[in-house]
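Raw data30.cif, mmCIF, N, CA and C atoms:
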```
data_model
#
loop_
_atom_site.label_atom_id
_atom_site.label_comp_id
_atom_site.auth_asym_id
_atom_site.auth_seq_id
_atom_site.Cartn_x
_atom_site.Cartn_y
_atom_site.Cartn_z
N GLN A 1 106.01 103.71 101.81
CA GLN A 1 105.46 102.51 101.19
C GLN A 1 103.98 102.73 100.92
N VAL A 2 103.59 102.47 99.66
CA VAL A 2 102.19 102.59 99.28
C VAL A 2 101.41 101.45 99.91
N PRO A 3 100.36 101.76 100.67
CA PRO A 3 99.64 100.71 101.40
C PRO A 3 98.98 99.65 100.51
N LEU A 4 98.41 100.09 99.38
CA LEU A 4 97.67 99.17 98.53
C LEU A 4 98.10 99.35 97.07
N VAL A 5 98.40 98.26 96.39
CA VAL A 5 98.78 98.31 94.99
C VAL A 5 98.02 97.25 94.21
N GLU A 6 97.18 97.72 93.26
CA GLU A 6 96.37 96.79 92.48
C GLU A 6 97.08 96.41 91.19
N SER A 7 96.68 95.27 90.65
CA SER A 7 97.15 94.83 89.34
C SER A 7 96.14 93.84 88.78
N GLY A 8 96.25 93.58 87.47
CA GLY A 8 95.43 92.53 86.87
C GLY A 8 94.31 92.99 85.97
N GLY A 9 94.11 94.28 85.81
CA GLY A 9 93.05 94.75 84.93
C GLY A 9 93.43 94.55 83.47
N GLY A 10 92.49 94.88 82.59
CA GLY A 10 92.76 94.76 81.17
C GLY A 10 91.50 94.71 80.34
N LEU A 11 91.68 94.35 79.09
CA LEU A 11 90.57 94.22 78.15
C LEU A 11 90.22 92.75 77.98
N VAL A 12 88.94 92.43 78.09
CA VAL A 12 88.50 91.04 77.97
C VAL A 12 87.17 91.02 77.23
N GLN A 13 86.92 89.95 76.51
CA GLN A 13 85.66 89.81 75.79
C GLN A 13 84.54 89.40 76.74
N PRO A 14 83.31 89.71 76.39
CA PRO A 14 82.17 89.25 77.22
C PRO A 14 82.24 87.74 77.42
N GLY A 15 81.98 87.31 78.64
CA GLY A 15 82.08 85.90 78.99
C GLY A 15 83.44 85.48 79.49
N GLY A 16 84.41 86.35 79.36
CA GLY A 16 85.77 86.04 79.78
C GLY A 16 86.00 86.24 81.27
N SER A 17 87.25 86.03 81.67
CA SER A 17 87.62 86.10 83.08
C SER A 17 88.85 86.98 83.28
N LEU A 18 88.93 87.56 84.46
CA LEU A 18 90.12 88.29 84.90
C LEU A 18 90.27 88.07 86.39
N ARG A 19 91.52 88.16 86.87
CA ARG A 19 91.75 88.13 88.30
C ARG A 19 92.50 89.38 88.69
N LEU A 20 91.92 90.15 89.59
CA LEU A 20 92.57 91.33 90.12
C LEU A 20 93.30 90.97 91.41
N SER A 21 94.44 91.61 91.62
CA SER A 21 95.21 91.41 92.84
C SER A 21 95.43 92.75 93.52
N CYS A 22 95.49 92.71 94.84
CA CYS A 22 95.77 93.91 95.63
C CYS A 22 96.80 93.53 96.69
N ALA A 23 98.02 94.01 96.49
CA ALA A 23 99.08 93.78 97.47
C ALA A 23 98.93 94.81 98.58
N VAL A 24 98.90 94.33 99.81
CA VAL A 24 98.59 95.17 100.97
C VAL A 24 99.78 95.23 101.93
N SER A 25 100.02 96.41 102.47
CA SER A 25 101.05 96.56 103.49
C SER A 25 100.78 95.59 104.64
N GLY A 26 101.84 94.94 105.12
CA GLY A 26 101.68 93.93 106.16
C GLY A 26 101.06 94.46 107.44
N SER A 27 101.35 95.72 107.75
CA SER A 27 100.83 96.28 108.99
C SER A 27 99.32 96.49 108.94
N ILE A 28 98.78 96.50 107.76
CA ILE A 28 97.35 96.73 107.57
C ILE A 28 96.60 95.42 107.34
N PHE A 29 97.18 94.54 106.55
CA PHE A 29 96.45 93.38 106.04
C PHE A 29 95.80 92.56 107.15
N SER A 30 96.54 92.28 108.20
CA SER A 30 96.04 91.34 109.21
C SER A 30 94.89 91.89 110.03
N ILE A 31 94.67 93.19 110.01
CA ILE A 31 93.63 93.77 110.86
C ILE A 31 92.52 94.42 110.06
N ALA A 32 92.61 94.39 108.73
CA ALA A 32 91.68 95.18 107.91
C ALA A 32 90.61 94.33 107.24
N THR A 33 89.42 94.88 107.20
CA THR A 33 88.40 94.38 106.28
C THR A 33 88.73 94.95 104.90
N MET A 34 88.78 94.07 103.91
CA MET A 34 89.19 94.47 102.57
C MET A 34 87.99 94.48 101.63
N GLY A 35 88.03 95.39 100.68
CA GLY A 35 86.94 95.46 99.73
C GLY A 35 87.42 95.83 98.34
N TRP A 36 86.67 95.42 97.35
CA TRP A 36 86.86 95.85 95.98
C TRP A 36 85.66 96.73 95.60
N TYR A 37 85.96 97.90 95.09
CA TYR A 37 84.96 98.83 94.61
C TYR A 37 85.18 99.06 93.12
N ARG A 38 84.18 99.63 92.47
CA ARG A 38 84.37 100.00 91.07
C ARG A 38 83.62 101.30 90.78
N GLN A 39 84.12 101.99 89.77
CA GLN A 39 83.49 103.23 89.35
C GLN A 39 83.50 103.31 87.84
N ALA A 40 82.32 103.34 87.28
CA ALA A 40 82.16 103.50 85.83
C ALA A 40 82.02 104.98 85.50
N PRO A 41 82.33 105.37 84.27
CA PRO A 41 82.22 106.78 83.89
C PRO A 41 80.82 107.34 84.16
N GLY A 42 80.77 108.47 84.84
CA GLY A 42 79.50 109.12 85.12
C GLY A 42 78.70 108.50 86.25
N LYS A 43 79.27 107.51 86.91
CA LYS A 43 78.55 106.84 88.00
C LYS A 43 79.33 106.95 89.30
N GLU A 44 78.62 106.70 90.40
CA GLU A 44 79.28 106.73 91.70
C GLU A 44 80.06 105.43 91.94
N ARG A 45 81.04 105.54 92.80
CA ARG A 45 81.80 104.36 93.18
C ARG A 45 80.90 103.44 93.99
N GLU A 46 80.98 102.13 93.70
CA GLU A 46 80.11 101.16 94.38
C GLU A 46 80.91 99.98 94.89
N LEU A 47 80.45 99.41 95.99
CA LEU A 47 81.08 98.23 96.55
C LEU A 47 80.75 97.02 95.68
N VAL A 48 81.77 96.27 95.32
CA VAL A 48 81.58 95.06 94.54
C VAL A 48 81.60 93.83 95.46
N ALA A 49 82.60 93.77 96.34
CA ALA A 49 82.73 92.63 97.24
C ALA A 49 83.60 93.03 98.42
N GLY A 50 83.35 92.36 99.56
CA GLY A 50 84.15 92.61 100.74
C GLY A 50 84.48 91.32 101.45
N ILE A 51 85.56 91.34 102.23
CA ILE A 51 85.97 90.17 102.99
C ILE A 51 86.56 90.63 104.31
N THR A 52 86.10 90.01 105.41
CA THR A 52 86.59 90.38 106.72
C THR A 52 87.90 89.66 107.04
N THR A 53 88.46 89.95 108.19
CA THR A 53 89.72 89.31 108.59
C THR A 53 89.54 87.81 108.81
N ILE A 54 88.32 87.36 109.08
CA ILE A 54 88.09 85.93 109.30
C ILE A 54 87.42 85.28 108.10
N GLY A 55 87.40 85.99 106.99
CA GLY A 55 86.97 85.37 105.74
C GLY A 55 85.49 85.46 105.40
N HIS A 56 84.73 86.21 106.17
CA HIS A 56 83.33 86.39 105.80
C HIS A 56 83.26 87.31 104.59
N THR A 57 82.43 86.95 103.62
CA THR A 57 82.36 87.70 102.37
C THR A 57 80.96 88.24 102.12
N ASN A 58 80.91 89.30 101.32
CA ASN A 58 79.64 89.82 100.85
C ASN A 58 79.83 90.36 99.44
N TYR A 59 78.76 90.32 98.65
CA TYR A 59 78.82 90.72 97.24
C TYR A 59 77.60 91.55 96.88
N ARG A 60 77.78 92.45 95.94
CA ARG A 60 76.60 93.11 95.40
C ARG A 60 75.86 92.11 94.54
N ASP A 61 74.56 92.28 94.44
CA ASP A 61 73.72 91.28 93.78
C ASP A 61 74.14 91.00 92.35
N SER A 62 74.56 92.03 91.64
CA SER A 62 74.84 91.87 90.21
C SER A 62 76.07 91.02 89.91
N VAL A 63 76.89 90.74 90.93
CA VAL A 63 78.09 89.94 90.68
C VAL A 63 78.06 88.59 91.40
N LYS A 64 77.04 88.36 92.19
CA LYS A 64 76.94 87.09 92.91
C LYS A 64 76.94 85.92 91.94
N GLY A 65 77.74 84.91 92.27
CA GLY A 65 77.83 83.74 91.41
C GLY A 65 78.85 83.89 90.28
N ARG A 66 79.35 85.11 90.08
CA ARG A 66 80.33 85.34 89.02
C ARG A 66 81.68 85.78 89.57
N PHE A 67 81.68 86.56 90.64
CA PHE A 67 82.91 87.08 91.23
C PHE A 67 83.18 86.38 92.56
N THR A 68 84.47 86.22 92.87
CA THR A 68 84.87 85.66 94.14
C THR A 68 86.01 86.48 94.74
N ILE A 69 85.81 86.94 95.96
CA ILE A 69 86.87 87.66 96.67
C ILE A 69 87.56 86.69 97.63
N SER A 70 88.88 86.83 97.75
CA SER A 70 89.63 85.97 98.66
C SER A 70 90.84 86.73 99.17
N ARG A 71 91.43 86.23 100.24
CA ARG A 71 92.63 86.87 100.79
C ARG A 71 93.64 85.80 101.16
N ASP A 72 94.90 86.09 100.90
CA ASP A 72 96.01 85.18 101.16
C ASP A 72 96.92 85.84 102.19
N SER A 73 96.89 85.33 103.41
CA SER A 73 97.66 85.96 104.49
C SER A 73 99.16 85.75 104.32
N ALA A 74 99.55 84.70 103.62
CA ALA A 74 100.98 84.45 103.40
C ALA A 74 101.58 85.48 102.44
N LYS A 75 100.73 86.02 101.57
CA LYS A 75 101.20 86.97 100.57
C LYS A 75 100.69 88.39 100.81
N ASN A 76 99.92 88.58 101.88
CA ASN A 76 99.31 89.90 102.15
C ASN A 76 98.61 90.44 100.91
N THR A 77 97.82 89.60 100.30
CA THR A 77 97.19 89.96 99.02
C THR A 77 95.71 89.58 99.04
N VAL A 78 94.92 90.46 98.44
CA VAL A 78 93.50 90.20 98.25
C VAL A 78 93.24 90.05 96.76
N TYR A 79 92.40 89.11 96.42
CA TYR A 79 92.10 88.83 95.01
C TYR A 79 90.61 89.04 94.72
N LEU A 80 90.34 89.35 93.47
CA LEU A 80 88.97 89.35 92.99
C LEU A 80 88.96 88.56 91.68
N GLN A 81 88.44 87.35 91.74
CA GLN A 81 88.31 86.52 90.55
C GLN A 81 86.98 86.87 89.90
N MET A 82 87.05 87.28 88.65
CA MET A 82 85.85 87.72 87.93
C MET A 82 85.64 86.82 86.72
N ASN A 83 84.53 86.10 86.74
CA ASN A 83 84.17 85.20 85.64
C ASN A 83 82.90 85.68 84.96
N SER A 84 82.65 85.15 83.79
CA SER A 84 81.44 85.50 83.04
C SER A 84 81.23 87.01 82.96
N LEU A 85 82.29 87.69 82.62
CA LEU A 85 82.25 89.16 82.62
C LEU A 85 81.28 89.69 81.57
N LYS A 86 80.66 90.81 81.93
CA LYS A 86 79.67 91.47 81.07
C LYS A 86 80.13 92.89 80.75
N PRO A 87 79.65 93.46 79.67
CA PRO A 87 80.04 94.84 79.36
C PRO A 87 79.74 95.81 80.51
N GLU A 88 78.69 95.55 81.26
CA GLU A 88 78.34 96.44 82.37
C GLU A 88 79.29 96.32 83.56
N ASP A 89 80.22 95.38 83.50
CA ASP A 89 81.27 95.29 84.53
C ASP A 89 82.43 96.24 84.23
N THR A 90 82.41 96.88 83.09
CA THR A 90 83.47 97.82 82.72
C THR A 90 83.53 98.98 83.71
N ALA A 91 84.71 99.20 84.28
CA ALA A 91 84.89 100.24 85.28
C ALA A 91 86.35 100.27 85.70
N VAL A 92 86.69 101.28 86.49
CA VAL A 92 87.96 101.26 87.21
C VAL A 92 87.68 100.58 88.55
N TYR A 93 88.48 99.57 88.86
CA TYR A 93 88.31 98.81 90.09
C TYR A 93 89.35 99.26 91.11
N TYR A 94 88.86 99.49 92.33
CA TYR A 94 89.72 99.97 93.41
C TYR A 94 89.71 99.00 94.59
N CYS A 95 90.86 98.83 95.17
CA CYS A 95 90.99 98.05 96.39
C CYS A 95 90.90 99.01 97.57
N ASN A 96 90.27 98.56 98.65
CA ASN A 96 90.08 99.40 99.83
C ASN A 96 90.36 98.59 101.08
N SER A 97 90.97 99.24 102.07
CA SER A 97 91.14 98.60 103.37
C SER A 97 90.52 99.48 104.44
N ALA A 98 89.88 98.84 105.43
CA ALA A 98 89.25 99.56 106.53
C ALA A 98 89.67 98.91 107.84
N SER A 99 90.30 99.71 108.73
CA SER A 99 90.77 99.18 110.00
C SER A 99 90.92 100.34 110.97
N ARG A 100 91.41 100.02 112.15
CA ARG A 100 91.61 101.07 113.15
C ARG A 100 92.73 102.03 112.73
N LEU A 101 93.49 101.65 111.70
CA LEU A 101 94.54 102.52 111.17
C LEU A 101 94.01 103.50 110.14
N GLY A 102 92.73 103.34 109.79
CA GLY A 102 92.12 104.25 108.83
C GLY A 102 91.67 103.55 107.57
N TYR A 103 91.31 104.37 106.58
CA TYR A 103 90.86 103.86 105.29
C TYR A 103 91.92 104.17 104.24
N TYR A 104 92.19 103.17 103.41
CA TYR A 104 93.16 103.36 102.34
C TYR A 104 92.57 102.87 101.02
N TRP A 105 93.00 103.55 99.93
CA TRP A 105 92.57 103.17 98.60
C TRP A 105 93.78 102.91 97.72
N GLY A 106 93.64 101.95 96.83
CA GLY A 106 94.65 101.76 95.81
C GLY A 106 94.47 102.76 94.68
N GLN A 107 95.34 102.68 93.69
CA GLN A 107 95.33 103.65 92.60
C GLN A 107 94.29 103.33 91.54
N GLY A 108 93.74 102.12 91.58
CA GLY A 108 92.73 101.70 90.62
C GLY A 108 93.32 100.98 89.42
N THR A 109 92.55 100.06 88.87
CA THR A 109 92.96 99.34 87.67
C THR A 109 91.75 99.23 86.75
N GLN A 110 91.98 99.50 85.47
CA GLN A 110 90.88 99.55 84.50
C GLN A 110 90.51 98.14 84.05
N VAL A 111 89.23 97.86 84.07
CA VAL A 111 88.69 96.62 83.50
C VAL A 111 87.71 97.02 82.40
N THR A 112 87.96 96.53 81.20
CA THR A 112 87.10 96.83 80.06
C THR A 112 86.60 95.52 79.46
N VAL A 113 85.29 95.38 79.40
CA VAL A 113 84.68 94.18 78.83
C VAL A 113 84.00 94.58 77.52
N SER A 114 84.59 94.11 76.43
CA SER A 114 84.09 94.53 75.12
C SER A 114 84.52 93.52 74.06
N SER A 115 83.67 93.38 73.05
CA SER A 115 84.03 92.52 71.92
C SER A 115 84.67 93.34 70.81
#
```

Translate the structure of the given file into structure tokens.
Amino acid sequence: QVPLVESGGGLVQPGGSLRLSCAVSGSIFSIATMGWYRQAPGKERELVAGITTIGHTNYRDSVKGRFTISRDSAKNTVYLQMNSLKPEDTAVYYCNSASRLGYYWGQGTQVTVSS
């Protein structure tokens, strides 16, 4: 079973919205701090947002007020709601889990913001 599976990427115009989802293995979800990262061409992978098991969140400055990370324990899923998207948000977005079981990455989902 693949631990993390992302979905929800796509092409959107500037100012638009997307919601990314990350389905997480049940054995991991309840104990893991979850994060969304992104990597643009020619750049290093960077943390976009994180959420702990008790719901504490953190965001990189450039997405504060526009992106919201959340987790649904009934569905073992982590979401990243992205509003007011900008061309500079274009990247491959990756879901990550960190726990005593180790670190896991999803396969990534492409987000392209362009008119």

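Reported to one decimal place, the separation of atom N of Gly8 of chain A from atom C of Thr68 of chain A is 14.4 Å.
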
Item to check | Hits from the PyMOL selection byres ((chain A and resi 105) around 8), listed as an NGL selection string | outcome: :A and (3-6 or 94-98 or 102-104 or 106-108)

Next on the checklist: Given the PyMOL selection byres (((chain A and resi 47-62 and name CA) around 7) and name CA) and the file above, list the residues it selects as a ChimeraX atom specification.
Outcome noted: /A:30-38,46,63-64,69

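Interatomic distance, atom N of Gln81 of chain A against atom N of Phe67 of chain A: 6.9 Å.
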
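The space separating atom CA of Leu85 of chain A from atom CA of Gln13 of chain A comes to 7.7 Å.
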
Next on the checklist: For the structure I just gave you, how does DSSP split segment 9-107 of chain A - specifically, which residues are alpha helix (DSSP H)? Reply as an NGL selection string.
Outcome noted: :A and (26-29)

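Proximity to Pro87 of chain A was assessed for A:Ser21, A:Ser27, A:Gln39, A:Ser114 counting only N, CA and C atoms; the smallest distance is recorded for A:Ser114.
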
Item to check | DSSP-assigned strand (DSSP E or B) members of segment 11-91 of chain A, reported as a PyMOL selection string | outcome: chain A and resi 11-12+18-24+33-39+46-51+57-59+67-72+77-82+91

Next on the checklist: Quick check on the file I pasted: which residues fall under the PyMOL selection byres ((chain A and resi 14) around 8)? Write them as a PyMOL selection string.
Outcome noted: chain A and resi 11-13+15-17+83-87+112-115

For the selection you just gave me, I'd like the residues written to a file as a tab-separated table (two decimals), keeping the file's coordinate frame, keeping N, CA and C atoms.
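Dumped to selection_26.tsv:
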```tsv
chain	number	residue	atom	x	y	z
A	11	LEU	N	91.68	94.35	79.09
A	11	LEU	CA	90.57	94.22	78.15
A	11	LEU	C	90.22	92.75	77.98
A	12	VAL	N	88.94	92.43	78.09
A	12	VAL	CA	88.50	91.04	77.97
A	12	VAL	C	87.17	91.02	77.23
A	13	GLN	N	86.92	89.95	76.51
A	13	GLN	CA	85.66	89.81	75.79
A	13	GLN	C	84.54	89.40	76.74
A	15	GLY	N	81.98	87.31	78.64
A	15	GLY	CA	82.08	85.90	78.99
A	15	GLY	C	83.44	85.48	79.49
A	16	GLY	N	84.41	86.35	79.36
A	16	GLY	CA	85.77	86.04	79.78
A	16	GLY	C	86.00	86.24	81.27
A	17	SER	N	87.25	86.03	81.67
A	17	SER	CA	87.62	86.10	83.08
A	17	SER	C	88.85	86.98	83.28
A	83	ASN	N	84.53	86.10	86.74
A	83	ASN	CA	84.17	85.20	85.64
A	83	ASN	C	82.90	85.68	84.96
A	84	SER	N	82.65	85.15	83.79
A	84	SER	CA	81.44	85.50	83.04
A	84	SER	C	81.23	87.01	82.96
A	85	LEU	N	82.29	87.69	82.62
A	85	LEU	CA	82.25	89.16	82.62
A	85	LEU	C	81.28	89.69	81.57
A	86	LYS	N	80.66	90.81	81.93
A	86	LYS	CA	79.67	91.47	81.07
A	86	LYS	C	80.13	92.89	80.75
A	87	PRO	N	79.65	93.46	79.67
A	87	PRO	CA	80.04	94.84	79.36
A	87	PRO	C	79.74	95.81	80.51
A	112	THR	N	87.96	96.53	81.20
A	112	THR	CA	87.10	96.83	80.06
A	112	THR	C	86.60	95.52	79.46
A	113	VAL	N	85.29	95.38	79.40
A	113	VAL	CA	84.68	94.18	78.83
A	113	VAL	C	84.00	94.58	77.52
A	114	SER	N	84.59	94.11	76.43
A	114	SER	CA	84.09	94.53	75.12
A	114	SER	C	84.52	93.52	74.06
A	115	SER	N	83.67	93.38	73.05
A	115	SER	CA	84.03	92.52	71.92
A	115	SER	C	84.67	93.34	70.81
```

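Between Leu80 of chain A and the residues A:Thr109, A:Leu18, A:Gly9, A:Val2, the shortest atom-to-atom distance, using all atoms listed in the file, involves A:Leu18.
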